[in-house]
>>> print(open('entry.cif').read())   # mmCIF, C-alpha atoms
data_data
#
loop_
_atom_site.label_atom_id
_atom_site.label_comp_id
_atom_site.auth_asym_id
_atom_site.auth_seq_id
_atom_site.Cartn_x
_atom_site.Cartn_y
_atom_site.Cartn_z
CA MET A 48 -7.47 -3.59 -28.91
CA MET A 49 -10.26 -5.55 -27.26
CA ALA A 50 -12.31 -8.04 -29.22
CA THR A 51 -15.81 -6.65 -28.81
CA THR A 52 -17.40 -10.00 -29.63
CA ARG A 53 -16.33 -11.30 -26.24
CA TYR A 54 -18.39 -8.73 -24.36
CA THR A 55 -21.81 -7.20 -24.32
CA ARG A 56 -21.92 -3.59 -25.50
CA ARG A 57 -22.47 -2.30 -21.96
CA GLU A 58 -19.59 -4.37 -20.57
CA TYR A 59 -17.31 -3.29 -23.42
CA GLU A 60 -18.05 0.39 -22.77
CA TRP A 61 -17.46 -0.07 -19.03
CA ILE A 62 -14.08 -1.72 -19.60
CA LEU A 63 -13.02 0.81 -22.24
CA SER A 64 -13.96 3.76 -20.03
CA LEU A 65 -11.57 2.45 -17.38
CA GLN A 66 -8.73 1.69 -19.77
CA ARG A 67 -8.89 5.20 -21.19
CA VAL A 68 -8.13 6.63 -17.74
CA GLN A 69 -5.81 3.99 -16.24
CA THR A 70 -4.06 3.05 -19.47
CA SER A 71 -0.77 1.75 -18.05
CA MET A 72 -2.25 0.00 -15.02
CA LEU A 73 -4.93 -1.79 -17.06
CA LYS A 74 -2.89 -2.74 -20.11
CA GLY A 75 -3.67 -6.36 -20.96
CA LYS A 76 -6.23 -6.56 -18.12
CA ASP A 77 -9.38 -7.02 -20.22
CA SER A 78 -10.16 -10.39 -18.62
CA VAL A 79 -9.64 -9.04 -15.11
CA LEU A 80 -12.00 -6.15 -15.72
CA SER A 81 -14.55 -8.51 -17.23
CA GLU A 82 -14.34 -10.65 -14.09
CA LEU A 83 -14.96 -7.61 -11.89
CA TYR A 84 -17.85 -6.56 -14.11
CA SER A 85 -19.41 -10.00 -13.77
CA LEU A 86 -19.14 -9.88 -9.97
CA CYS A 87 -21.28 -6.76 -9.81
CA ASP A 88 -25.01 -7.34 -9.33
CA ASN A 89 -26.22 -3.76 -9.79
CA TYR A 90 -25.30 -0.31 -11.07
CA ASN A 91 -24.15 0.88 -7.63
CA GLN A 92 -21.56 -1.87 -7.51
CA LEU A 93 -20.45 -1.19 -11.08
CA ASN A 94 -20.15 2.52 -10.37
CA LEU A 95 -18.24 1.89 -7.14
CA ILE A 96 -15.71 -0.49 -8.68
CA LYS A 97 -15.26 1.84 -11.63
CA ASP A 98 -14.68 4.86 -9.42
CA LEU A 99 -12.22 3.02 -7.15
CA ILE A 100 -10.18 1.85 -10.13
CA ILE A 101 -10.15 5.32 -11.67
CA ARG A 102 -8.86 6.78 -8.40
CA PHE A 103 -6.34 4.01 -7.83
CA ASN A 104 -2.77 5.18 -7.19
CA CYS A 105 -0.54 2.80 -9.11
CA PHE A 106 3.01 4.13 -8.98
CA ASP A 107 5.23 3.71 -12.00
CA GLU A 108 9.00 4.08 -11.60
CA ASP A 109 8.92 7.83 -12.27
CA ILE A 110 6.42 8.56 -9.48
CA TYR A 111 8.19 6.16 -7.12
CA ASN A 112 11.54 7.85 -7.75
CA LEU A 113 9.99 11.26 -7.10
CA THR A 114 8.95 10.09 -3.63
CA LEU A 115 12.49 8.86 -3.00
CA ILE A 116 13.88 12.25 -4.00
CA GLU A 117 11.44 14.00 -1.64
CA ILE A 118 12.54 11.71 1.20
CA ALA A 119 16.21 12.37 0.48
CA LYS A 120 15.63 16.12 0.49
CA PHE A 121 13.66 15.90 3.72
CA ILE A 122 16.37 13.88 5.48
CA SER A 123 18.96 16.39 4.30
CA SER A 124 16.85 19.20 5.81
CA LEU A 125 17.10 17.57 9.24
CA GLY A 126 20.75 18.56 9.31
CA TYR A 127 22.04 15.40 10.99
CA ASP A 128 25.75 14.64 11.04
CA PRO A 129 26.10 12.03 8.26
CA GLU A 130 28.77 10.18 10.21
CA LYS A 131 26.28 9.64 13.06
CA THR A 132 23.27 8.87 10.87
CA ALA A 133 22.02 5.61 9.40
CA LEU A 134 19.07 4.54 7.27
CA ILE A 135 17.40 1.36 8.45
CA ALA A 136 14.76 -0.91 6.89
CA LEU A 137 11.54 -1.62 8.78
CA CYS A 138 11.92 -5.41 8.88
CA HIS A 139 13.14 -7.90 11.47
CA ASP A 140 14.22 -10.97 9.53
CA SER A 141 15.98 -12.09 6.38
CA SER A 142 12.83 -12.50 4.28
CA ALA A 143 12.49 -10.29 1.20
CA ASP A 144 10.76 -7.09 2.24
CA SER A 145 9.67 -3.89 0.51
CA SER A 146 11.44 -1.78 3.14
CA GLN A 147 14.76 -3.30 2.07
CA VAL A 148 13.99 -2.42 -1.54
CA VAL A 149 13.31 1.19 -0.56
CA LEU A 150 16.49 1.25 1.51
CA ASN A 151 18.54 0.09 -1.46
CA ASP A 152 16.78 2.46 -3.90
CA LEU A 153 17.43 5.43 -1.61
CA LYS A 154 21.21 4.91 -1.45
CA VAL A 155 22.28 7.14 -4.31
CA TYR A 156 19.71 9.87 -3.61
CA ILE A 157 20.48 10.10 0.11
CA ASN A 158 24.23 10.01 -0.37
CA LYS A 159 24.05 12.90 -2.82
CA GLU A 160 21.65 14.96 -0.69
CA ALA A 161 22.93 14.29 2.81
CA GLY A 162 26.22 12.41 2.52
CA ILE A 163 24.87 9.44 4.49
CA SER A 164 26.51 6.12 3.66
CA THR A 165 25.35 3.72 6.39
CA PHE A 166 22.43 1.47 5.47
CA ILE A 167 21.05 -1.23 7.79
CA ASN A 168 18.80 -3.92 6.32
CA ARG A 169 17.14 -5.05 9.59
CA PHE A 170 15.53 -2.94 12.30
CA ASP A 171 16.62 -5.32 15.06
CA LYS A 172 20.26 -4.41 14.27
CA LEU A 173 19.74 -0.82 15.43
CA LEU A 174 21.39 -1.30 18.84
CA LYS A 175 24.51 -2.76 17.23
CA TYR A 176 25.01 0.39 15.16
CA TYR A 177 24.18 2.62 18.11
CA ASN A 178 27.05 0.98 19.98
CA GLN A 179 29.24 1.80 16.97
CA GLY A 180 28.47 5.51 17.31
CA LYS A 181 25.31 6.07 15.27
CA ARG A 182 22.83 8.40 16.94
CA HIS A 183 20.27 9.30 14.27
CA PHE A 184 18.23 6.52 12.67
CA ILE A 185 15.93 7.00 9.66
CA ALA A 186 13.57 4.04 9.30
CA VAL A 187 12.27 3.56 5.76
CA ASP A 188 9.50 1.59 4.11
CA GLU A 189 7.31 1.68 1.00
CA PHE A 190 3.83 2.02 2.47
CA ILE A 191 2.09 2.77 5.77
CA GLY A 192 -1.45 1.42 5.85
CA SER A 193 -2.66 0.97 9.42
CA GLY A 194 0.42 2.33 11.19
CA GLN A 195 0.87 -0.88 13.17
CA THR A 196 4.38 -1.69 11.93
CA VAL A 197 5.56 1.84 12.61
CA ALA A 198 4.02 1.80 16.10
CA ASN A 199 5.64 -1.53 16.92
CA CYS A 200 9.08 -0.38 15.78
CA TYR A 201 8.72 2.89 17.69
CA LYS A 202 7.79 0.95 20.84
CA GLU A 203 10.81 -1.29 20.33
CA PHE A 204 13.07 1.74 19.92
CA CYS A 205 11.69 3.39 23.07
CA GLY A 206 12.27 0.16 24.98
CA LEU A 207 16.00 0.42 24.26
CA LYS A 208 16.06 3.69 26.24
CA LEU A 209 18.70 5.30 24.05
CA HIS A 210 18.19 8.81 25.38
CA ASP A 211 20.74 10.45 23.06
CA ALA A 212 19.42 8.74 19.92
CA THR A 213 16.67 9.86 17.51
CA LEU A 214 14.32 7.90 15.27
CA PHE A 215 12.49 9.28 12.24
CA PHE A 216 10.26 7.31 9.89
CA CYS A 217 10.30 8.09 6.16
CA ILE A 218 7.84 6.16 4.02
CA THR A 219 7.17 6.71 0.33
CA ALA A 220 3.36 6.56 0.52
CA GLY A 221 0.62 5.94 3.05
CA MET A 222 -2.83 6.42 4.45
CA LYS A 223 -3.76 9.70 6.10
CA ASP A 224 -5.26 8.02 9.17
CA ALA A 225 -2.06 6.08 9.83
CA VAL A 226 0.07 9.22 9.54
CA VAL A 227 -2.24 11.21 11.83
CA LEU A 228 -2.26 8.37 14.36
CA SER A 229 1.54 8.19 14.31
CA ASN A 230 1.80 11.95 14.90
CA THR A 231 -0.70 11.71 17.76
CA GLU A 232 1.47 9.07 19.41
CA GLY A 233 4.52 11.33 19.19
CA ILE A 234 6.15 9.48 16.32
CA ASN A 235 8.24 11.53 13.90
CA ILE A 236 7.18 10.57 10.39
CA PHE A 237 7.45 11.92 6.87
CA VAL A 238 5.30 10.58 4.02
CA PRO A 239 5.50 12.50 0.72
CA TYR A 240 2.39 10.88 -0.81
CA ILE A 241 -0.63 10.66 1.51
CA MET A 242 -3.97 9.09 0.55
CA GLU A 243 -7.46 9.01 2.06
CA LYS A 244 -9.69 5.95 2.45
CA GLY A 245 -11.23 4.90 -0.84
CA ILE A 246 -14.84 4.90 0.35
CA SER A 247 -15.17 6.35 3.86
CA ASP A 248 -13.14 9.51 3.17
CA HIS A 249 -14.37 10.11 -0.37
CA TYR A 250 -18.15 9.85 -0.28
CA LEU A 251 -20.60 11.70 1.93
CA GLY A 252 -23.88 10.87 3.64
CA ASN A 253 -26.20 8.28 2.22
CA ILE A 254 -24.05 7.38 -0.77
CA ARG A 255 -21.19 6.46 1.56
CA SER A 256 -23.45 4.09 3.52
CA ILE A 257 -24.74 2.57 0.28
CA TYR A 258 -21.26 1.98 -1.11
CA ILE A 259 -20.01 0.44 2.13
CA LYS A 260 -22.89 -2.05 2.01
CA GLU A 261 -22.24 -2.75 -1.67
CA MET A 262 -18.57 -3.50 -1.01
CA GLU A 263 -19.58 -5.83 1.81
CA LYS A 264 -21.86 -7.65 -0.65
CA LEU A 265 -19.04 -7.91 -3.19
CA GLU A 266 -16.71 -9.41 -0.61
CA ARG A 267 -19.25 -12.17 0.06
CA ASN A 268 -18.28 -13.59 -3.32
CA LEU A 269 -14.78 -14.30 -1.98
CA ALA A 270 -13.44 -17.33 -0.10
CA ASP A 271 -13.65 -16.95 3.67
CA THR A 272 -10.23 -18.57 4.14
CA ILE A 273 -7.22 -19.21 1.94
CA CYS A 274 -4.67 -21.46 3.67
CA ASP A 275 -4.04 -19.63 6.98
CA THR A 276 -5.40 -16.29 5.81
CA HIS A 277 -8.92 -15.23 6.78
CA LEU A 278 -10.91 -12.74 4.72
CA PRO A 279 -12.49 -10.97 7.76
CA ASP A 280 -8.97 -9.88 8.76
CA TYR A 281 -8.62 -8.11 5.40
CA SER A 282 -12.15 -6.85 4.80
CA PHE A 283 -11.86 -3.40 3.16
CA GLY A 284 -8.08 -3.97 3.44
CA TYR A 285 -6.08 -4.85 6.54
CA LYS A 286 -7.42 -2.91 9.56
CA ARG A 287 -10.07 -1.55 7.12
CA SER A 288 -7.49 0.74 5.55
CA GLU A 289 -9.46 1.07 2.29
CA ALA A 290 -6.23 1.69 0.42
CA LEU A 291 -6.05 2.38 -3.30
CA TYR A 292 -2.33 1.93 -3.80
CA SER A 293 0.21 -0.30 -5.45
CA ARG A 294 3.40 -0.10 -7.45
CA MET A 295 3.33 -1.21 -11.05
CA ASN A 296 3.87 -4.99 -11.25
CA LYS A 297 4.83 -5.25 -7.57
CA ASN A 298 3.32 -7.03 -4.55
CA VAL A 299 0.14 -5.17 -3.63
CA PRO A 300 -0.25 -4.19 0.06
CA ASN A 301 -2.88 -6.15 1.98
CA ASN A 302 -4.34 -2.77 3.00
CA VAL A 303 -5.96 -2.61 -0.44
CA PHE A 304 -9.58 -3.71 -0.87
CA PRO A 305 -9.39 -7.52 -1.23
CA ILE A 306 -11.83 -7.45 -4.14
CA PHE A 307 -8.77 -6.42 -6.18
CA TRP A 308 -6.35 -9.13 -4.98
CA TRP A 309 -8.12 -11.98 -3.13
CA LYS A 310 -7.35 -14.99 -5.32
CA GLU A 311 -10.26 -17.39 -4.65
CA TYR A 312 -14.04 -17.29 -4.95
CA LYS A 313 -16.46 -18.47 -2.29
CA ASP A 314 -16.37 -21.96 -3.84
CA ASN A 315 -12.53 -21.88 -3.69
CA LYS A 316 -12.14 -21.62 -7.45
CA ASN A 317 -9.26 -19.41 -8.59
CA ARG A 318 -9.85 -15.80 -9.60
CA ILE A 319 -7.93 -13.64 -12.00
CA THR A 320 -7.16 -10.50 -10.02
CA LEU A 321 -6.22 -6.94 -10.80
CA PHE A 322 -3.20 -7.14 -8.49
CA ASP A 323 -1.05 -9.93 -7.08
CA ARG A 324 -0.48 -10.52 -3.38
CA VAL A 325 2.21 -12.83 -2.00
CA GLN A 326 2.49 -13.41 1.75
CA ASP A 327 3.09 -16.28 4.15
CA GLY A 328 0.04 -18.48 4.65
CA TYR A 329 -1.88 -17.16 1.65
#
>>> encode(input="entry.cif", output="structure tokens")
Amino acid sequence: MMATTRYTRREYEWILSLQRVQTSMLKGKDSVLSELYSLCDNYNQLNLIKDLIIRFNCFDEDIYNLTLIEIAKFISSLGYDPEKTALIALCHDSSADSSQVVLNDLKVYINKEAGISTFINRFDKLLKYYNQGKRHFIAVDEFIGSGQTVANCYKEFCGLKLHDATLFFCITAGMKDAVVLSNTEGINIFVPYIMEKGISDHYLGNIRSIYIKEMEKLERNLADTICDTHLPDYSFGYKRSEALYSRMNKNVPNNVFPIFWWKEYKDNKNRITLFDRVQDGY
């Protein structure tokens, strides 16, 4: 229960209206919501932030597991010989990566559905397993925001010129534009949970233009640079993805609006943020 003495009546009602809808995501986040409220200079900004939070897709374990089950069923429907098939994470080094988490979490589901038992934790090991007889590779990851990682891995695969091998991407959630772009480029991809841009795809006409300008104003409250990370590279989310997605208590994708995870103000003082972001140079 919030202590109403800490807030004005209007602020209290704004915070409570959000917590009623996003109960799990906003549990214990009174101070964060108050910070966001204080950043807003007008009703348009308050309404925009409120609407974005209400529409935010924050996966709990149940929803996440449902996407894994859908992926396992889809892979099974491809009908690949399990002895010639491998799941592979979309990463190229030994650093902790969400794609490796998805790979590990899929093991039981995919073995039950399709009998596949080969799991590769680095994409750059694909050729090694091809030489061992694997011909069908399913690349997995948690989220596709801009489609850049998928495009780069597809280009790498094509460069190997393995004419009797196939590559399919299966990603638990992602942005519609990235999926459409991947399909346009001839990339085979399956994403069970697809989202549209938080502002550009949701609002129409004049209100869309107004809210874009208001978000730009809100971002001016944030530090231009944190260590080696520059805010203009993440304005409206990386590649302007405008994503409204995270997993409960996990590392938020940088495709999400930075107003929800950028950790410093313009004067370089620390913020309390709705979500946490950990990456090199930030």
>>> residues_around(input="entry.cif", residues="Glu58 of chain A", least_positions_apart="5", cutoff="12 Å", atoms="all atoms listed in the file", output="PyMOL selection string")
chain A and resi 49-53+63-65+77-78+80-87+90+93+97
>>> residues_near_point(input="entry.cif", point="(-13.7, -4.1, -1.0)", cutoff="12 Å", atoms="all atoms listed in the file", output="VMD selection string")
chain A and resid 83 86 to 87 92 95 to 96 99 to 100 244 to 247 258 to 269 278 to 279 281 to 285 287 to 291 301 to 309
>>> residues_around(input="entry.cif", residues="Lys297 of chain A", least_positions_apart="4", cutoff="12 Å", atoms="only C-alpha atoms", output="PDB file with C-alpha atoms, in the frame of the given file")
ATOM      1  CA  MET A  72      -2.250   0.000 -15.020  1.00  0.00           C
ATOM      2  CA  CYS A 105      -0.540   2.800  -9.110  1.00  0.00           C
ATOM      3  CA  PHE A 106       3.010   4.130  -8.980  1.00  0.00           C
ATOM      4  CA  ASP A 107       5.230   3.710 -12.000  1.00  0.00           C
ATOM      5  CA  GLU A 108       9.000   4.080 -11.600  1.00  0.00           C
ATOM      6  CA  TYR A 111       8.190   6.160  -7.120  1.00  0.00           C
ATOM      7  CA  ASP A 144      10.760  -7.090   2.240  1.00  0.00           C
ATOM      8  CA  SER A 145       9.670  -3.890   0.510  1.00  0.00           C
ATOM      9  CA  VAL A 148      13.990  -2.420  -1.540  1.00  0.00           C
ATOM     10  CA  GLU A 189       7.310   1.680   1.000  1.00  0.00           C
ATOM     11  CA  TYR A 292      -2.330   1.930  -3.800  1.00  0.00           C
ATOM     12  CA  SER A 293       0.210  -0.300  -5.450  1.00  0.00           C
ATOM     13  CA  LEU A 321      -6.220  -6.940 -10.800  1.00  0.00           C
ATOM     14  CA  PHE A 322      -3.200  -7.140  -8.490  1.00  0.00           C
ATOM     15  CA  ASP A 323      -1.050  -9.930  -7.080  1.00  0.00           C
ATOM     16  CA  ARG A 324      -0.480 -10.520  -3.380  1.00  0.00           C
ATOM     17  CA  VAL A 325       2.210 -12.830  -2.000  1.00  0.00           C
TER      18      VAL A 325
END
>>> atom_distance(input="entry.cif", atom1="atom CA of Tyr59 of chain A", atom2="atom CA of Asp98 of chain A")
16.4 Å
>>> closest_atom_pairs(input="entry.cif", of="segment 124-161 of chain A", to="segment 171-187 of chain A", cutoff="9 Å", atoms="only C-alpha atoms", output="JSON lines")
{"residue": "A:Tyr127", "atom": "CA", "partner": "A:His183", "partner_atom": "CA", "distance": 7.1}
{"residue": "A:Asp128", "atom": "CA", "partner": "A:His183", "partner_atom": "CA", "distance": 8.3}
{"residue": "A:Pro129", "atom": "CA", "partner": "A:His183", "partner_atom": "CA", "distance": 8.8}
{"residue": "A:Glu130", "atom": "CA", "partner": "A:Lys181", "partner_atom": "CA", "distance": 7.4}
{"residue": "A:Lys131", "atom": "CA", "partner": "A:Lys181", "partner_atom": "CA", "distance": 4.3}
{"residue": "A:Thr132", "atom": "CA", "partner": "A:His183", "partner_atom": "CA", "distance": 4.6}
{"residue": "A:Ala133", "atom": "CA", "partner": "A:Phe184", "partner_atom": "CA", "distance": 5.1}
{"residue": "A:Leu134", "atom": "CA", "partner": "A:Ile185", "partner_atom": "CA", "distance": 4.7}
{"residue": "A:Ile135", "atom": "CA", "partner": "A:Ala186", "partner_atom": "CA", "distance": 4.8}
{"residue": "A:Ala136", "atom": "CA", "partner": "A:Val187", "partner_atom": "CA", "distance": 5.2}
{"residue": "A:Leu137", "atom": "CA", "partner": "A:Ala186", "partner_atom": "CA", "distance": 6.0}
{"residue": "A:Cys138", "atom": "CA", "partner": "A:Asp171", "partner_atom": "CA", "distance": 7.8}
{"residue": "A:His139", "atom": "CA", "partner": "A:Asp171", "partner_atom": "CA", "distance": 5.6}
{"residue": "A:Asp140", "atom": "CA", "partner": "A:Asp171", "partner_atom": "CA", "distance": 8.3}
{"residue": "A:Ser146", "atom": "CA", "partner": "A:Val187", "partner_atom": "CA", "distance": 6.0}
{"residue": "A:Gln147", "atom": "CA", "partner": "A:Val187", "partner_atom": "CA", "distance": 8.2}
{"residue": "A:Val149", "atom": "CA", "partner": "A:Val187", "partner_atom": "CA", "distance": 6.8}
{"residue": "A:Leu150", "atom": "CA", "partner": "A:Val187", "partner_atom": "CA", "distance": 6.4}
>>> write_last_selection(input="entry.cif", atoms="C-alpha atoms", output="mmCIF file, in the frame of the given file")
data_model
loop_
_atom_site.group_PDB
_atom_site.id
_atom_site.type_symbol
_atom_site.label_atom_id
_atom_site.label_comp_id
_atom_site.auth_asym_id
_atom_site.auth_seq_id
_atom_site.Cartn_x
_atom_site.Cartn_y
_atom_site.Cartn_z
ATOM 1 C CA TYR A 127 22.040 15.400 10.990
ATOM 2 C CA ASP A 128 25.750 14.640 11.040
ATOM 3 C CA PRO A 129 26.100 12.030 8.260
ATOM 4 C CA GLU A 130 28.770 10.180 10.210
ATOM 5 C CA LYS A 131 26.280 9.640 13.060
ATOM 6 C CA THR A 132 23.270 8.870 10.870
ATOM 7 C CA ALA A 133 22.020 5.610 9.400
ATOM 8 C CA LEU A 134 19.070 4.540 7.270
ATOM 9 C CA ILE A 135 17.400 1.360 8.450
ATOM 10 C CA ALA A 136 14.760 -0.910 6.890
ATOM 11 C CA LEU A 137 11.540 -1.620 8.780
ATOM 12 C CA CYS A 138 11.920 -5.410 8.880
ATOM 13 C CA HIS A 139 13.140 -7.900 11.470
ATOM 14 C CA ASP A 140 14.220 -10.970 9.530
ATOM 15 C CA SER A 146 11.440 -1.780 3.140
ATOM 16 C CA GLN A 147 14.760 -3.300 2.070
ATOM 17 C CA VAL A 149 13.310 1.190 -0.560
ATOM 18 C CA LEU A 150 16.490 1.250 1.510
#
>>> closest_atom_pairs(input="entry.cif", of="segment 66-181 of chain A", to="segment 232-242 of chain A", cutoff="12 Å", atoms="all atoms listed in the file", output="tab-separated table")
residue	atom	partner	partner_atom	distance
A:Arg102	CA	A:Met242	CA	10.5
A:Phe103	CA	A:Met242	CA	10.1
A:Asn104	CA	A:Met242	CA	8.8
A:Cys105	CA	A:Tyr240	CA	11.9
A:Phe106	CA	A:Tyr240	CA	10.6
A:Ile110	CA	A:Tyr240	CA	9.8
A:Tyr111	CA	A:Tyr240	CA	9.8
A:Asn112	CA	A:Pro239	CA	11.4
A:Leu113	CA	A:Pro239	CA	9.1
A:Thr114	CA	A:Pro239	CA	6.1
A:Leu115	CA	A:Pro239	CA	8.7
A:Ile116	CA	A:Pro239	CA	9.6
A:Glu117	CA	A:Pro239	CA	6.6
A:Ile118	CA	A:Pro239	CA	7.1
A:Ala119	CA	A:Pro239	CA	10.7
A:Lys120	CA	A:Pro239	CA	10.8
A:Phe121	CA	A:Phe237	CA	8.0
A:Ile122	CA	A:Phe237	CA	9.2
A:Ser124	CA	A:Phe237	CA	11.9
A:Leu125	CA	A:Phe237	CA	11.4
>>> closest_residue(input="entry.cif", among="A:Asn94, A:Ser123, A:Asn230, A:Asn168", to="Ala143 of chain A", atoms="all atoms listed in the file")
A:Asn168
>>> atom_distance(input="entry.cif", atom1="atom CA of Lys316 of chain A", atom2="atom CA of Asp271 of chain A")
12.2 Å
>>> closest_residue(input="entry.cif", among="A:Val68, A:Leu228, A:Val155, A:Val197", to="Ile101 of chain A", atoms="only C-alpha atoms")
A:Val68
>>> atom_distance(input="entry.cif", atom1="atom CA of Gly221 of chain A", atom2="atom CA of Asn158 of chain A")
24.2 Å
>>> closest_residue(input="entry.cif", among="A:Ile257, A:Lys208, A:Asn317, A:Ala220", to="Asn91 of chain A", atoms="all atoms listed in the file")
A:Ile257
>>> closest_residue(input="entry.cif", among="A:Ser142, A:Ser193, A:Asn89, A:Asn315", to="Lys286 of chain A", atoms="all atoms listed in the file")
A:Ser193
>>> decode(input="entry.cif", residues="segment 263-270 of chain A", atoms="all heavy atoms", output="compact mmCIF listing (two decimals), in the first residue's frame")
# COMPACT_ATOMS: atom_id res chain seq x y z
N GLU A 263 10.51 12.95 -27.51
CA GLU A 263 11.79 13.61 -27.77
C GLU A 263 12.12 14.60 -26.66
O GLU A 263 13.27 14.70 -26.21
CB GLU A 263 11.75 14.31 -29.13
CG GLU A 263 11.74 13.35 -30.31
CD GLU A 263 11.48 14.03 -31.64
OE1 GLU A 263 11.05 15.22 -31.64
OE2 GLU A 263 11.69 13.39 -32.68
N LYS A 264 11.11 15.33 -26.19
CA LYS A 264 11.31 16.27 -25.08
C LYS A 264 11.69 15.53 -23.80
O LYS A 264 12.58 15.96 -23.06
CB LYS A 264 10.04 17.08 -24.85
CG LYS A 264 9.70 18.07 -25.95
CD LYS A 264 8.38 18.78 -25.63
CE LYS A 264 7.95 19.70 -26.75
NZ LYS A 264 6.62 20.33 -26.47
N LEU A 265 11.03 14.42 -23.54
CA LEU A 265 11.34 13.64 -22.35
C LEU A 265 12.77 13.12 -22.37
O LEU A 265 13.47 13.13 -21.35
CB LEU A 265 10.36 12.47 -22.21
CG LEU A 265 8.95 12.83 -21.73
CD1 LEU A 265 7.99 11.67 -21.98
CD2 LEU A 265 8.97 13.22 -20.26
N GLU A 266 13.22 12.70 -23.53
CA GLU A 266 14.58 12.17 -23.64
C GLU A 266 15.64 13.25 -23.41
O GLU A 266 16.79 12.93 -23.07
CB GLU A 266 14.78 11.51 -25.00
CG GLU A 266 14.06 10.18 -25.15
CD GLU A 266 14.40 9.45 -26.44
OE1 GLU A 266 15.21 9.98 -27.23
OE2 GLU A 266 13.88 8.34 -26.64
N ARG A 267 15.27 14.51 -23.59
CA ARG A 267 16.23 15.59 -23.34
C ARG A 267 16.59 15.73 -21.87
O ARG A 267 17.56 16.42 -21.52
CB ARG A 267 15.67 16.92 -23.88
CG ARG A 267 15.59 16.96 -25.39
CD ARG A 267 15.05 18.29 -25.90
NE ARG A 267 14.62 18.19 -27.29
CZ ARG A 267 13.50 18.67 -27.79
NH1 ARG A 267 12.67 19.33 -26.99
NH2 ARG A 267 13.20 18.52 -29.06
N ASN A 268 15.83 15.08 -21.01
CA ASN A 268 16.16 15.06 -19.58
C ASN A 268 17.28 14.07 -19.26
O ASN A 268 17.79 14.06 -18.13
CB ASN A 268 14.93 14.66 -18.76
CG ASN A 268 13.83 15.70 -18.82
OD1 ASN A 268 13.98 16.79 -18.28
ND2 ASN A 268 12.73 15.36 -19.48
N LEU A 269 17.66 13.23 -20.22
CA LEU A 269 18.60 12.15 -19.98
C LEU A 269 20.02 12.54 -20.40
O LEU A 269 20.21 13.40 -21.26
CB LEU A 269 18.17 10.90 -20.75
CG LEU A 269 16.72 10.44 -20.54
CD1 LEU A 269 16.43 9.21 -21.37
CD2 LEU A 269 16.45 10.18 -19.06
N ALA A 270 21.00 11.89 -19.79
CA ALA A 270 22.41 12.15 -20.12
C ALA A 270 22.69 11.80 -21.58
O ALA A 270 22.22 10.77 -22.07
CB ALA A 270 23.31 11.33 -19.20
